[in-house]
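Below is one structure, written out as structure tokens; comments come after it.
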Amino acid sequence: MSINDIRQAVLVGDGATAARLAREELDAGTPAADIMKDALISAMDEAGAKMATGELFIPEVLVAAEAMKAAMDVVSPLLVDQVGGGRGTVVLGTVEGDVHEIGKGLVRLMLDGAGFTVVDLGVDVPAGRFIDAAREHEADVVAMSSLMVTTMPKMKVVVDALHEAGVSAKPIVGGAPLTQAYADEIGAAGYAPDAGGAVRLVRDLL
């Protein structure tokens, strides 16, 4: 039994085994944060990398994400206890014109598991809804996803709208066609290349 066994269970989509091993690791005294970082986030980082190279396909990544969620359900209560609740609120959505759910869904799962409050606005979200939600929930971060080059400019619309509205939430961006340079260009507070990176970025910003 080891952290790596949990990683492998997640990667092959065996949620029952991932959850059982996570419980055993917790019982053995392994900190929940270590399981989260070294097994769950690490597994999904690897799944994302393998999807990018064609070794895994979207259905396999989704199965891995479900397995990760099963283990996360075991780890999350202790994780929040160990790192403290109320870590921050993140408003999350795929920008207007883009209806891709998968990447955003992985980010939501990981942020939830890391103890953040996540307000998921779904897909095809106009700038006004990001602003309204950030205000309503007093968000610390507004996280935007885009998987299409044609919808990337909508991210700048949201960033500009946040500034114009005087909303203090930090805008961050992610998605396959994006880069750190583009995030800098549009005035975003940060860029994450994958779901694991999104958790680390939000943690660093707060």
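Ligands are numbered from 1 in the order shown, chains are lettered A, B, ... in the order of the structure tokens, and residues start at 1 in each chain.
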Spatial neighbours of stretch 171-177 of chain A, 8 Å, only C-alpha atoms, chain gap at least 6 places, as JSON, numbers by chain | {"A": [103, 141, 142, 143, 144, 145, 146, 147, 148, 149, 155, 159, 183, 188, 189, 190, 191, 192, 193, 194, 198]}
List every residue of stretch 57-206 of chain A that DSSP, applied to the backbone of this structure, assigns to strand (DSSP E or B), and report them as a list in words.
->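 Selection result, strand (DSSP E or B) within stretch 57-206 of chain A: Thr89, Val90, Val91, Leu92, Gly93, Thr94, Val95, Thr117, Val118, Val119, Asp120, Val125, Val141, Val142, Ala143, Met144, Ser145, Lys170, Pro171, Ile172, Val173, Gly174, Gly190, Tyr191 and Ala192 of chain A.
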Write out as JSON, numbers by chain all residues of stretch 100-136 of chain A that backbone DSSP assigns to helix (DSSP H, G or I).
-> {"A": [102, 103, 104, 105, 106, 107, 108, 109, 110, 111, 112, 113, 127, 128, 129, 130, 131, 132, 133, 134, 135, 136]}
Go ahead and write the residues just picked, N, CA and C atoms, as an mmCIF file, in the first residue's frame.
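Resulting contents of selection_29.cif:
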data_model
loop_
_atom_site.group_PDB
_atom_site.id
_atom_site.type_symbol
_atom_site.label_atom_id
_atom_site.label_comp_id
_atom_site.auth_asym_id
_atom_site.auth_seq_id
_atom_site.Cartn_x
_atom_site.Cartn_y
_atom_site.Cartn_z
ATOM 1 N N ILE A 102 -15.242 19.566 -19.810
ATOM 2 C CA ILE A 102 -14.378 18.591 -19.142
ATOM 3 C C ILE A 102 -13.262 19.230 -18.324
ATOM 4 N N GLY A 103 -12.479 20.102 -18.945
ATOM 5 C CA GLY A 103 -11.373 20.708 -18.219
ATOM 6 C C GLY A 103 -11.845 21.487 -17.010
ATOM 7 N N LYS A 104 -12.901 22.245 -17.203
ATOM 8 C CA LYS A 104 -13.466 23.019 -16.100
ATOM 9 C C LYS A 104 -13.953 22.095 -14.990
ATOM 10 N N GLY A 105 -14.553 20.981 -15.386
ATOM 11 C CA GLY A 105 -15.045 20.035 -14.389
ATOM 12 C C GLY A 105 -13.938 19.463 -13.530
ATOM 13 N N LEU A 106 -12.799 19.191 -14.144
ATOM 14 C CA LEU A 106 -11.653 18.684 -13.382
ATOM 15 C C LEU A 106 -11.151 19.737 -12.396
ATOM 16 N N VAL A 107 -11.112 20.979 -12.857
ATOM 17 C CA VAL A 107 -10.679 22.063 -11.970
ATOM 18 C C VAL A 107 -11.622 22.174 -10.774
ATOM 19 N N ARG A 108 -12.922 22.077 -11.041
ATOM 20 C CA ARG A 108 -13.904 22.159 -9.948
ATOM 21 C C ARG A 108 -13.677 21.044 -8.928
ATOM 22 N N LEU A 109 -13.496 19.823 -9.409
ATOM 23 C CA LEU A 109 -13.268 18.693 -8.507
ATOM 24 C C LEU A 109 -12.050 18.924 -7.621
ATOM 25 N N MET A 110 -10.988 19.401 -8.224
ATOM 26 C CA MET A 110 -9.750 19.561 -7.472
ATOM 27 C C MET A 110 -9.833 20.719 -6.482
ATOM 28 N N LEU A 111 -10.460 21.812 -6.892
ATOM 29 C CA LEU A 111 -10.613 22.936 -5.968
ATOM 30 C C LEU A 111 -11.510 22.555 -4.798
ATOM 31 N N ASP A 112 -12.587 21.834 -5.099
ATOM 32 C CA ASP A 112 -13.464 21.331 -4.030
ATOM 33 C C ASP A 112 -12.655 20.502 -3.035
ATOM 34 N N GLY A 113 -11.883 19.586 -3.574
ATOM 35 C CA GLY A 113 -11.113 18.690 -2.724
ATOM 36 C C GLY A 113 -10.060 19.404 -1.903
ATOM 37 N N ALA A 127 -19.745 37.741 -19.677
ATOM 38 C CA ALA A 127 -18.972 38.499 -18.693
ATOM 39 C C ALA A 127 -19.832 38.957 -17.525
ATOM 40 N N GLY A 128 -21.044 39.395 -17.816
ATOM 41 C CA GLY A 128 -21.919 39.909 -16.765
ATOM 42 C C GLY A 128 -22.206 38.896 -15.674
ATOM 43 N N ARG A 129 -22.316 37.628 -16.050
ATOM 44 C CA ARG A 129 -22.589 36.594 -15.043
ATOM 45 C C ARG A 129 -21.381 36.366 -14.150
ATOM 46 N N PHE A 130 -20.183 36.446 -14.735
ATOM 47 C CA PHE A 130 -18.979 36.346 -13.904
ATOM 48 C C PHE A 130 -18.955 37.477 -12.872
ATOM 49 N N ILE A 131 -19.267 38.695 -13.333
ATOM 50 C CA ILE A 131 -19.243 39.855 -12.442
ATOM 51 C C ILE A 131 -20.280 39.697 -11.336
ATOM 52 N N ASP A 132 -21.504 39.358 -11.730
ATOM 53 C CA ASP A 132 -22.589 39.221 -10.747
ATOM 54 C C ASP A 132 -22.262 38.159 -9.700
ATOM 55 N N ALA A 133 -21.737 37.024 -10.163
ATOM 56 C CA ALA A 133 -21.425 35.930 -9.235
ATOM 57 C C ALA A 133 -20.272 36.306 -8.308
ATOM 58 N N ALA A 134 -19.274 36.994 -8.856
ATOM 59 C CA ALA A 134 -18.135 37.404 -8.030
ATOM 60 C C ALA A 134 -18.592 38.339 -6.917
ATOM 61 N N ARG A 135 -19.508 39.228 -7.254
ATOM 62 C CA ARG A 135 -20.041 40.146 -6.242
ATOM 63 C C ARG A 135 -20.902 39.400 -5.226
ATOM 64 N N GLU A 136 -21.825 38.581 -5.743
ATOM 65 C CA GLU A 136 -22.775 37.898 -4.870
ATOM 66 C C GLU A 136 -22.072 37.010 -3.854
#
Between A:Gly115, A:Gly166, A:Gly122, A:Gly15, which one has atoms that come closest to A:Leu79, using only C-alpha atoms?
->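 Distance minimum relative to A:Leu79 lands on A:Gly115.
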Find the residues around A:Val157 up to 10 Å (only C-alpha atoms counted), leave out those fewer than 2 positions away in its own chain, and share them as a list in words.
-> Val95, Glu96, Pro126, Ala127, Gly128, Met152, Pro153, Lys154, Met155, Val159, Asp160, Ala161, Leu162 and Ile186 of chain A
With only C-alpha atoms as the basis for distance, which of A:Lys37, A:Gly197, A:Lys50, A:Val90 is at the shortest distance from A:Lys170?
-> A:Val90
Residue with smallest distance to A:Met36 - pool A:Gly187, A:Pro59, A:Gly97, A:Pro77, counting only C-alpha atoms |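 Of all the options, A:Pro77 lies closest to A:Met36.
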